[in-house]
Amino acid sequence: MNALRWFLAWLAAVIVTAAVGSIIQTQLNLARITELGQTVSLGTRLITTLADLAEFAPIWAIIVAAALVVAFPVAAGLSWLWPSGRAVLHLLAGFFAVVVALLLMDAMLPVTAIAAARTAAGMVGMALPGVAGAAVYVALWPQRQKGQSFHQAAQRKRSSQAGS
């Protein structure tokens with residue numbers, strides 16, 4: 001059951017990261033088109049965004065999935081050393097997982113695979129959804145301490161949220 005819960009938390013993080021990343025990628029690319037003097041209407045923005053969610057986001061999700069399946073266990077391992085920093089470590093892992101994926105694609109492919117990531121600002125824009133995805137993951141996958149069951153961690157999390 002714990003593996004299923006982890007998988008669902010990871011899957012939710014992948015979906016959020018890929019969807020938000022797709023939207024950002026679309027808007028960055030459309031911004032470049034407007035810099036060339038072309039007008040992009042709101043309707044065109046919406047249609048293009050929806051098309052990219054249907055066509056780009058699933059491919060991006062595969063890349064993000066591979067990055068996060070490595071990054072989250074690394075963050076979890078580091079959180080044993082810094083238990084109070086678990087959320088921060090996972091947020092950083094989400095961000096840097098996307099950065100590393102983009103840099104690896106750039107190094108392995110003859111062209112920049114994702115045009116929005118050609119600049120430092122674009123790279124950051126594409127990596128920020130990794131933070132959003134990691135936040136979803138942290139919210140869905142409670143912190144466990146040594147010797148504590150998943151159920152106990154979830155119960156402790158609910159108790160602390162009720163007291164807030």
# chains A, B, ... in the order shown; residues from 1 in each chain; ligands from 1
$ residues_around --residues "A:Leu89" --least-positions-apart "4" --cutoff "7 Å" --atoms "only C-alpha atoms" --output "ChimeraX atom specification"
/A:75,79,85,93
$ residues_around --residues "A:Ala116" --least-positions-apart "4" --cutoff "12 Å" --atoms "only C-alpha atoms" --output "JSON, numbers by chain"
{"A": [21, 22, 23, 24, 25, 26, 27, 28, 29, 30, 31, 32, 33, 102, 112, 120, 121, 122, 123, 124, 125, 126, 127]}
$ closest_residue --among "A:Pro142, A:Leu46, A:Val136, A:Thr39" --to "A:Ala12" --atoms "only C-alpha atoms"
A:Val136
$ select_by_dssp --residues "chain A" --states "alpha helix (DSSP H)" --output "PyMOL selection string"
chain A and resi 2-35+42-79+86-108+120-140+150-163
$ residues_around --residues "A:Leu103" --least-positions-apart "3" --cutoff "12 Å" --atoms "only C-alpha atoms" --output "mmCIF file with N, CA and C atoms, in the first residue's frame"
data_model
loop_
_atom_site.group_PDB
_atom_site.id
_atom_site.type_symbol
_atom_site.label_atom_id
_atom_site.label_comp_id
_atom_site.auth_asym_id
_atom_site.auth_seq_id
_atom_site.Cartn_x
_atom_site.Cartn_y
_atom_site.Cartn_z
ATOM 1 N N ILE A 63 9.783 12.861 -19.648
ATOM 2 C CA ILE A 63 11.091 13.390 -19.244
ATOM 3 C C ILE A 63 11.077 13.774 -17.768
ATOM 4 N N ALA A 67 13.124 12.291 -14.391
ATOM 5 C CA ALA A 67 13.914 13.181 -13.528
ATOM 6 C C ALA A 67 13.453 13.099 -12.078
ATOM 7 N N PHE A 96 15.807 21.287 -9.506
ATOM 8 C CA PHE A 96 17.055 20.856 -10.142
ATOM 9 C C PHE A 96 16.888 19.600 -10.994
ATOM 10 N N ALA A 97 15.889 18.793 -10.717
ATOM 11 C CA ALA A 97 15.621 17.639 -11.578
ATOM 12 C C ALA A 97 15.285 18.105 -12.985
ATOM 13 N N VAL A 98 14.480 19.145 -13.092
ATOM 14 C CA VAL A 98 14.111 19.675 -14.403
ATOM 15 C C VAL A 98 15.319 20.336 -15.067
ATOM 16 N N VAL A 99 16.087 21.095 -14.300
ATOM 17 C CA VAL A 99 17.290 21.735 -14.857
ATOM 18 C C VAL A 99 18.233 20.672 -15.416
ATOM 19 N N VAL A 100 18.486 19.632 -14.641
ATOM 20 C CA VAL A 100 19.391 18.568 -15.099
ATOM 21 C C VAL A 100 18.837 17.880 -16.342
ATOM 22 N N ASP A 106 20.076 18.974 -23.786
ATOM 23 C CA ASP A 106 20.858 19.924 -24.564
ATOM 24 C C ASP A 106 22.215 19.334 -24.942
ATOM 25 N N ALA A 107 22.813 18.589 -24.016
ATOM 26 C CA ALA A 107 24.127 17.984 -24.275
ATOM 27 C C ALA A 107 24.041 16.804 -25.243
ATOM 28 N N MET A 108 22.921 16.082 -25.209
ATOM 29 C CA MET A 108 22.805 14.855 -26.006
ATOM 30 C C MET A 108 22.209 15.079 -27.397
ATOM 31 N N LEU A 109 21.469 16.162 -27.563
ATOM 32 C CA LEU A 109 20.799 16.398 -28.841
ATOM 33 C C LEU A 109 21.531 17.481 -29.628
ATOM 34 N N VAL A 111 20.280 19.911 -31.284
ATOM 35 C CA VAL A 111 19.598 21.203 -31.159
ATOM 36 C C VAL A 111 18.940 21.270 -29.790
ATOM 37 N N THR A 112 18.592 22.482 -29.370
ATOM 38 C CA THR A 112 17.868 22.628 -28.112
ATOM 39 C C THR A 112 16.466 22.070 -28.311
ATOM 40 N N ALA A 113 16.141 21.034 -27.580
ATOM 41 C CA ALA A 113 14.871 20.338 -27.776
ATOM 42 C C ALA A 113 13.676 21.189 -27.361
ATOM 43 N N ILE A 114 13.855 22.015 -26.366
ATOM 44 C CA ILE A 114 12.769 22.858 -25.876
ATOM 45 C C ILE A 114 13.221 24.308 -26.025
ATOM 46 N N ALA A 117 13.742 26.910 -23.280
ATOM 47 C CA ALA A 117 14.861 26.762 -22.338
ATOM 48 C C ALA A 117 16.192 27.213 -22.931
ATOM 49 N N ARG A 118 16.150 27.974 -24.011
ATOM 50 C CA ARG A 118 17.400 28.430 -24.639
ATOM 51 C C ARG A 118 18.120 29.502 -23.831
ATOM 52 N N THR A 119 17.371 30.233 -23.008
ATOM 53 C CA THR A 119 17.975 31.293 -22.190
ATOM 54 C C THR A 119 17.950 30.881 -20.720
ATOM 55 N N ALA A 120 18.716 31.581 -19.909
ATOM 56 C CA ALA A 120 18.712 31.294 -18.469
ATOM 57 C C ALA A 120 17.329 31.534 -17.880
ATOM 58 N N MET A 123 15.153 28.700 -18.870
ATOM 59 C CA MET A 123 15.510 27.505 -18.101
ATOM 60 C C MET A 123 14.862 27.556 -16.719
ATOM 61 N N VAL A 124 14.943 28.711 -16.077
ATOM 62 C CA VAL A 124 14.316 28.880 -14.763
ATOM 63 C C VAL A 124 12.803 28.742 -14.893
ATOM 64 N N MET A 126 11.130 27.035 -17.014
ATOM 65 C CA MET A 126 10.772 25.624 -17.216
ATOM 66 C C MET A 126 11.007 24.793 -15.960
ATOM 67 N N ALA A 127 11.948 25.213 -15.100
ATOM 68 C CA ALA A 127 12.269 24.448 -13.896
ATOM 69 C C ALA A 127 11.342 24.764 -12.727
#
$ residues_around --residues "A:Gly77" --least-positions-apart "2" --cutoff "12 Å" --atoms "only C-alpha atoms" --output "PDB file with N, CA, C and O atoms, in the first residue's frame"
ATOM      1  N   VAL A  70      14.233   9.970  -9.868  1.00  0.00           N
ATOM      2  CA  VAL A  70      15.586   9.974  -9.298  1.00  0.00           C
ATOM      3  C   VAL A  70      15.692  11.024  -8.193  1.00  0.00           C
ATOM      4  O   VAL A  70      16.235  10.761  -7.119  1.00  0.00           O
ATOM      5  N   ALA A  71      15.156  12.208  -8.445  1.00  0.00           N
ATOM      6  CA  ALA A  71      15.345  13.341  -7.527  1.00  0.00           C
ATOM      7  C   ALA A  71      14.663  13.149  -6.178  1.00  0.00           C
ATOM      8  O   ALA A  71      15.230  13.505  -5.144  1.00  0.00           O
ATOM      9  N   PHE A  72      13.440  12.619  -6.168  1.00  0.00           N
ATOM     10  CA  PHE A  72      12.713  12.506  -4.899  1.00  0.00           C
ATOM     11  C   PHE A  72      13.364  11.523  -3.928  1.00  0.00           C
ATOM     12  O   PHE A  72      13.480  11.836  -2.739  1.00  0.00           O
ATOM     13  N   PRO A  73      13.819  10.355  -4.359  1.00  0.00           N
ATOM     14  CA  PRO A  73      14.528   9.486  -3.408  1.00  0.00           C
ATOM     15  C   PRO A  73      15.835  10.104  -2.897  1.00  0.00           C
ATOM     16  O   PRO A  73      16.204   9.898  -1.739  1.00  0.00           O
ATOM     17  N   VAL A  74      16.515  10.867  -3.752  1.00  0.00           N
ATOM     18  CA  VAL A  74      17.732  11.549  -3.293  1.00  0.00           C
ATOM     19  C   VAL A  74      17.368  12.556  -2.204  1.00  0.00           C
ATOM     20  O   VAL A  74      18.014  12.615  -1.150  1.00  0.00           O
ATOM     21  N   ALA A  75      16.316  13.334  -2.439  1.00  0.00           N
ATOM     22  CA  ALA A  75      15.869  14.303  -1.431  1.00  0.00           C
ATOM     23  C   ALA A  75      15.437  13.597  -0.152  1.00  0.00           C
ATOM     24  O   ALA A  75      15.722  14.073   0.951  1.00  0.00           O
ATOM     25  N   SER A  79      16.956  14.016   3.520  1.00  0.00           N
ATOM     26  CA  SER A  79      16.091  14.479   4.614  1.00  0.00           C
ATOM     27  C   SER A  79      16.292  13.661   5.889  1.00  0.00           C
ATOM     28  O   SER A  79      15.908  14.112   6.969  1.00  0.00           O
ATOM     29  N   TRP A  80      16.911  12.501   5.781  1.00  0.00           N
ATOM     30  CA  TRP A  80      17.256  11.757   6.988  1.00  0.00           C
ATOM     31  C   TRP A  80      18.349  12.503   7.745  1.00  0.00           C
ATOM     32  O   TRP A  80      18.447  12.433   8.959  1.00  0.00           O
ATOM     33  N   LEU A  81      19.183  13.245   7.008  1.00  0.00           N
ATOM     34  CA  LEU A  81      20.228  14.045   7.641  1.00  0.00           C
ATOM     35  C   LEU A  81      19.687  15.380   8.148  1.00  0.00           C
ATOM     36  O   LEU A  81      20.224  15.954   9.096  1.00  0.00           O
ATOM     37  N   TRP A  82      18.636  15.895   7.500  1.00  0.00           N
ATOM     38  CA  TRP A  82      18.045  17.186   7.850  1.00  0.00           C
ATOM     39  C   TRP A  82      16.524  17.037   7.846  1.00  0.00           C
ATOM     40  O   TRP A  82      15.844  17.494   6.925  1.00  0.00           O
ATOM     41  N   PRO A  83      15.962  16.365   8.851  1.00  0.00           N
ATOM     42  CA  PRO A  83      14.527  16.070   8.856  1.00  0.00           C
ATOM     43  C   PRO A  83      13.638  17.306   8.764  1.00  0.00           C
ATOM     44  O   PRO A  83      12.615  17.278   8.084  1.00  0.00           O
ATOM     45  N   GLY A  85      14.198  19.897   7.157  1.00  0.00           N
ATOM     46  CA  GLY A  85      14.348  20.485   5.826  1.00  0.00           C
ATOM     47  C   GLY A  85      13.767  19.642   4.715  1.00  0.00           C
ATOM     48  O   GLY A  85      14.024  19.892   3.538  1.00  0.00           O
ATOM     49  N   ARG A  86      12.947  18.650   5.074  1.00  0.00           N
ATOM     50  CA  ARG A  86      12.399  17.735   4.070  1.00  0.00           C
ATOM     51  C   ARG A  86      11.707  18.469   2.930  1.00  0.00           C
ATOM     52  O   ARG A  86      11.966  18.205   1.761  1.00  0.00           O
ATOM     53  N   LEU A  89      14.197  20.412   0.771  1.00  0.00           N
ATOM     54  CA  LEU A  89      15.002  19.494  -0.041  1.00  0.00           C
ATOM     55  C   LEU A  89      14.212  18.971  -1.235  1.00  0.00           C
ATOM     56  O   LEU A  89      14.743  18.870  -2.346  1.00  0.00           O
ATOM     57  N   HIS A  90      12.942  18.642  -1.031  1.00  0.00           N
ATOM     58  CA  HIS A  90      12.130  18.147  -2.138  1.00  0.00           C
ATOM     59  C   HIS A  90      11.825  19.243  -3.158  1.00  0.00           C
ATOM     60  O   HIS A  90      11.825  18.993  -4.367  1.00  0.00           O
ATOM     61  N   ALA A  93      14.864  19.622  -5.091  1.00  0.00           N
ATOM     62  CA  ALA A  93      15.008  18.446  -5.959  1.00  0.00           C
ATOM     63  C   ALA A  93      14.115  18.571  -7.190  1.00  0.00           C
ATOM     64  O   ALA A  93      14.538  18.247  -8.304  1.00  0.00           O
ATOM     65  N   GLN A 143       6.006  13.054   5.765  1.00  0.00           N
ATOM     66  CA  GLN A 143       7.343  12.726   6.246  1.00  0.00           C
ATOM     67  C   GLN A 143       7.268  11.600   7.267  1.00  0.00           C
ATOM     68  O   GLN A 143       6.448  11.634   8.176  1.00  0.00           O
ATOM     69  N   ARG A 144       8.108  10.630   7.068  1.00  0.00           N
ATOM     70  CA  ARG A 144       8.232   9.557   8.053  1.00  0.00           C
ATOM     71  C   ARG A 144       9.541   9.737   8.796  1.00  0.00           C
ATOM     72  O   ARG A 144      10.534  10.123   8.231  1.00  0.00           O
ATOM     73  N   GLN A 145       9.500   9.422  10.073  1.00  0.00           N
ATOM     74  CA  GLN A 145      10.724   9.434  10.859  1.00  0.00           C
ATOM     75  C   GLN A 145      11.123   7.993  11.119  1.00  0.00           C
ATOM     76  O   GLN A 145      10.312   7.080  10.985  1.00  0.00           O
ATOM     77  N   LYS A 146      12.366   7.780  11.502  1.00  0.00           N
ATOM     78  CA  LYS A 146      12.849   6.424  11.742  1.00  0.00           C
ATOM     79  C   LYS A 146      11.913   5.671  12.671  1.00  0.00           C
ATOM     80  O   LYS A 146      11.509   6.181  13.707  1.00  0.00           O
TER      81      LYS A 146
END
$ residues_around --residues "A:Pro129" --least-positions-apart "4" --cutoff "8 Å" --atoms "only C-alpha atoms" --output "PyMOL selection string"
chain A and resi 16-18+20-21+94-95+125+133
$ write_last_selection --atoms "C-alpha atoms" --output "tab-separated table (two decimals), in the first residue's frame"
chain	number	residue	atom	x	y	z
A	16	VAL	CA	1.53	19.10	-12.22
A	17	THR	CA	5.12	19.66	-13.35
A	18	ALA	CA	4.42	18.63	-16.95
A	20	VAL	CA	2.49	23.80	-15.74
A	21	GLY	CA	5.74	23.40	-17.67
A	94	GLY	CA	12.00	19.24	-8.14
A	95	PHE	CA	13.64	22.38	-9.48
A	125	GLY	CA	10.80	29.26	-16.15
A	133	GLY	CA	5.16	19.40	-8.56
$ closest_residue --among "A:Leu36, A:Leu68, A:Ala3, A:Val138" --to "A:Ile15" --atoms "only C-alpha atoms"
A:Leu68
$ decode --residues "stretch 71-117 of chain A" --atoms "N, CA and C atoms" --output "short mmCIF file (atom, residue, chain, number, x, y, z; two decimals), in the first residue's frame"
data_model
loop_
_atom_site.label_atom_id
_atom_site.label_comp_id
_atom_site.auth_asym_id
_atom_site.auth_seq_id
_atom_site.Cartn_x
_atom_site.Cartn_y
_atom_site.Cartn_z
N ALA A 71 15.16 12.21 -8.45
CA ALA A 71 15.35 13.34 -7.53
C ALA A 71 14.66 13.15 -6.18
N PHE A 72 13.44 12.62 -6.17
CA PHE A 72 12.71 12.51 -4.90
C PHE A 72 13.36 11.52 -3.93
N PRO A 73 13.82 10.36 -4.36
CA PRO A 73 14.53 9.49 -3.41
C PRO A 73 15.84 10.10 -2.90
N VAL A 74 16.52 10.87 -3.75
CA VAL A 74 17.73 11.55 -3.29
C VAL A 74 17.37 12.56 -2.20
N ALA A 75 16.32 13.33 -2.44
CA ALA A 75 15.87 14.30 -1.43
C ALA A 75 15.44 13.60 -0.15
N ALA A 76 14.76 12.46 -0.29
CA ALA A 76 14.33 11.71 0.89
C ALA A 76 15.54 11.21 1.68
N GLY A 77 16.55 10.74 0.97
CA GLY A 77 17.77 10.30 1.64
C GLY A 77 18.45 11.44 2.39
N LEU A 78 18.51 12.60 1.76
CA LEU A 78 19.11 13.76 2.42
C LEU A 78 18.27 14.24 3.59
N SER A 79 16.96 14.02 3.52
CA SER A 79 16.09 14.48 4.61
C SER A 79 16.29 13.66 5.89
N TRP A 80 16.91 12.50 5.78
CA TRP A 80 17.26 11.76 6.99
C TRP A 80 18.35 12.50 7.75
N LEU A 81 19.18 13.25 7.01
CA LEU A 81 20.23 14.04 7.64
C LEU A 81 19.69 15.38 8.15
N TRP A 82 18.64 15.90 7.50
CA TRP A 82 18.05 17.19 7.85
C TRP A 82 16.52 17.04 7.85
N PRO A 83 15.96 16.36 8.85
CA PRO A 83 14.53 16.07 8.86
C PRO A 83 13.64 17.31 8.76
N SER A 84 14.01 18.38 9.39
CA SER A 84 13.16 19.58 9.34
C SER A 84 13.23 20.26 7.98
N GLY A 85 14.20 19.90 7.16
CA GLY A 85 14.35 20.49 5.83
C GLY A 85 13.77 19.64 4.72
N ARG A 86 12.95 18.65 5.07
CA ARG A 86 12.40 17.74 4.07
C ARG A 86 11.71 18.47 2.93
N ALA A 87 10.83 19.39 3.26
CA ALA A 87 10.08 20.10 2.22
C ALA A 87 11.02 20.90 1.32
N VAL A 88 11.95 21.61 1.94
CA VAL A 88 12.91 22.42 1.17
C VAL A 88 13.74 21.53 0.25
N LEU A 89 14.20 20.41 0.77
CA LEU A 89 15.00 19.49 -0.04
C LEU A 89 14.21 18.97 -1.23
N HIS A 90 12.94 18.64 -1.03
CA HIS A 90 12.13 18.15 -2.14
C HIS A 90 11.82 19.24 -3.16
N LEU A 91 11.58 20.46 -2.67
CA LEU A 91 11.34 21.58 -3.60
C LEU A 91 12.58 21.83 -4.46
N LEU A 92 13.75 21.83 -3.82
CA LEU A 92 14.99 21.98 -4.56
C LEU A 92 15.20 20.82 -5.53
N ALA A 93 14.86 19.62 -5.09
CA ALA A 93 15.01 18.45 -5.96
C ALA A 93 14.12 18.57 -7.19
N GLY A 94 12.90 19.05 -7.00
CA GLY A 94 12.00 19.24 -8.14
C GLY A 94 12.55 20.24 -9.13
N PHE A 95 13.07 21.34 -8.62
CA PHE A 95 13.64 22.38 -9.48
C PHE A 95 14.85 21.84 -10.25
N PHE A 96 15.81 21.29 -9.51
CA PHE A 96 17.05 20.86 -10.14
C PHE A 96 16.89 19.60 -10.99
N ALA A 97 15.89 18.79 -10.72
CA ALA A 97 15.62 17.64 -11.58
C ALA A 97 15.29 18.11 -12.98
N VAL A 98 14.48 19.15 -13.09
CA VAL A 98 14.11 19.68 -14.40
C VAL A 98 15.32 20.34 -15.07
N VAL A 99 16.09 21.10 -14.30
CA VAL A 99 17.29 21.73 -14.86
C VAL A 99 18.23 20.67 -15.42
N VAL A 100 18.49 19.63 -14.64
CA VAL A 100 19.39 18.57 -15.10
C VAL A 100 18.84 17.88 -16.34
N ALA A 101 17.54 17.62 -16.36
CA ALA A 101 16.93 16.99 -17.55
C ALA A 101 17.13 17.87 -18.78
N LEU A 102 16.90 19.17 -18.64
CA LEU A 102 17.08 20.09 -19.77
C LEU A 102 18.53 20.15 -20.21
N LEU A 103 19.45 20.20 -19.25
CA LEU A 103 20.88 20.24 -19.60
C LEU A 103 21.33 18.94 -20.26
N LEU A 104 20.83 17.81 -19.79
CA LEU A 104 21.18 16.53 -20.42
C LEU A 104 20.65 16.46 -21.85
N MET A 105 19.41 16.91 -22.05
CA MET A 105 18.86 16.91 -23.41
C MET A 105 19.68 17.83 -24.31
N ASP A 106 20.08 18.97 -23.79
CA ASP A 106 20.86 19.92 -24.56
C ASP A 106 22.22 19.33 -24.94
N ALA A 107 22.81 18.59 -24.02
CA ALA A 107 24.13 17.98 -24.27
C ALA A 107 24.04 16.80 -25.24
N MET A 108 22.92 16.08 -25.21
CA MET A 108 22.80 14.86 -26.01
C MET A 108 22.21 15.08 -27.40
N LEU A 109 21.47 16.16 -27.56
CA LEU A 109 20.80 16.40 -28.84
C LEU A 109 21.53 17.48 -29.63
N PRO A 110 21.45 17.42 -30.96
CA PRO A 110 22.16 18.42 -31.76
C PRO A 110 21.52 19.82 -31.72
N VAL A 111 20.28 19.91 -31.28
CA VAL A 111 19.60 21.20 -31.16
C VAL A 111 18.94 21.27 -29.79
N THR A 112 18.59 22.48 -29.37
CA THR A 112 17.87 22.63 -28.11
C THR A 112 16.47 22.07 -28.31
N ALA A 113 16.14 21.03 -27.58
CA ALA A 113 14.87 20.34 -27.78
C ALA A 113 13.68 21.19 -27.36
N ILE A 114 13.86 22.01 -26.37
CA ILE A 114 12.77 22.86 -25.88
C ILE A 114 13.22 24.31 -26.03
N ALA A 115 12.66 24.96 -27.02
CA ALA A 115 13.08 26.32 -27.37
C ALA A 115 12.97 27.28 -26.20
N ALA A 116 11.97 27.09 -25.37
CA ALA A 116 11.77 28.00 -24.23
C ALA A 116 12.95 27.97 -23.27
N ALA A 117 13.74 26.91 -23.28
CA ALA A 117 14.86 26.76 -22.34
C ALA A 117 16.19 27.21 -22.93
#
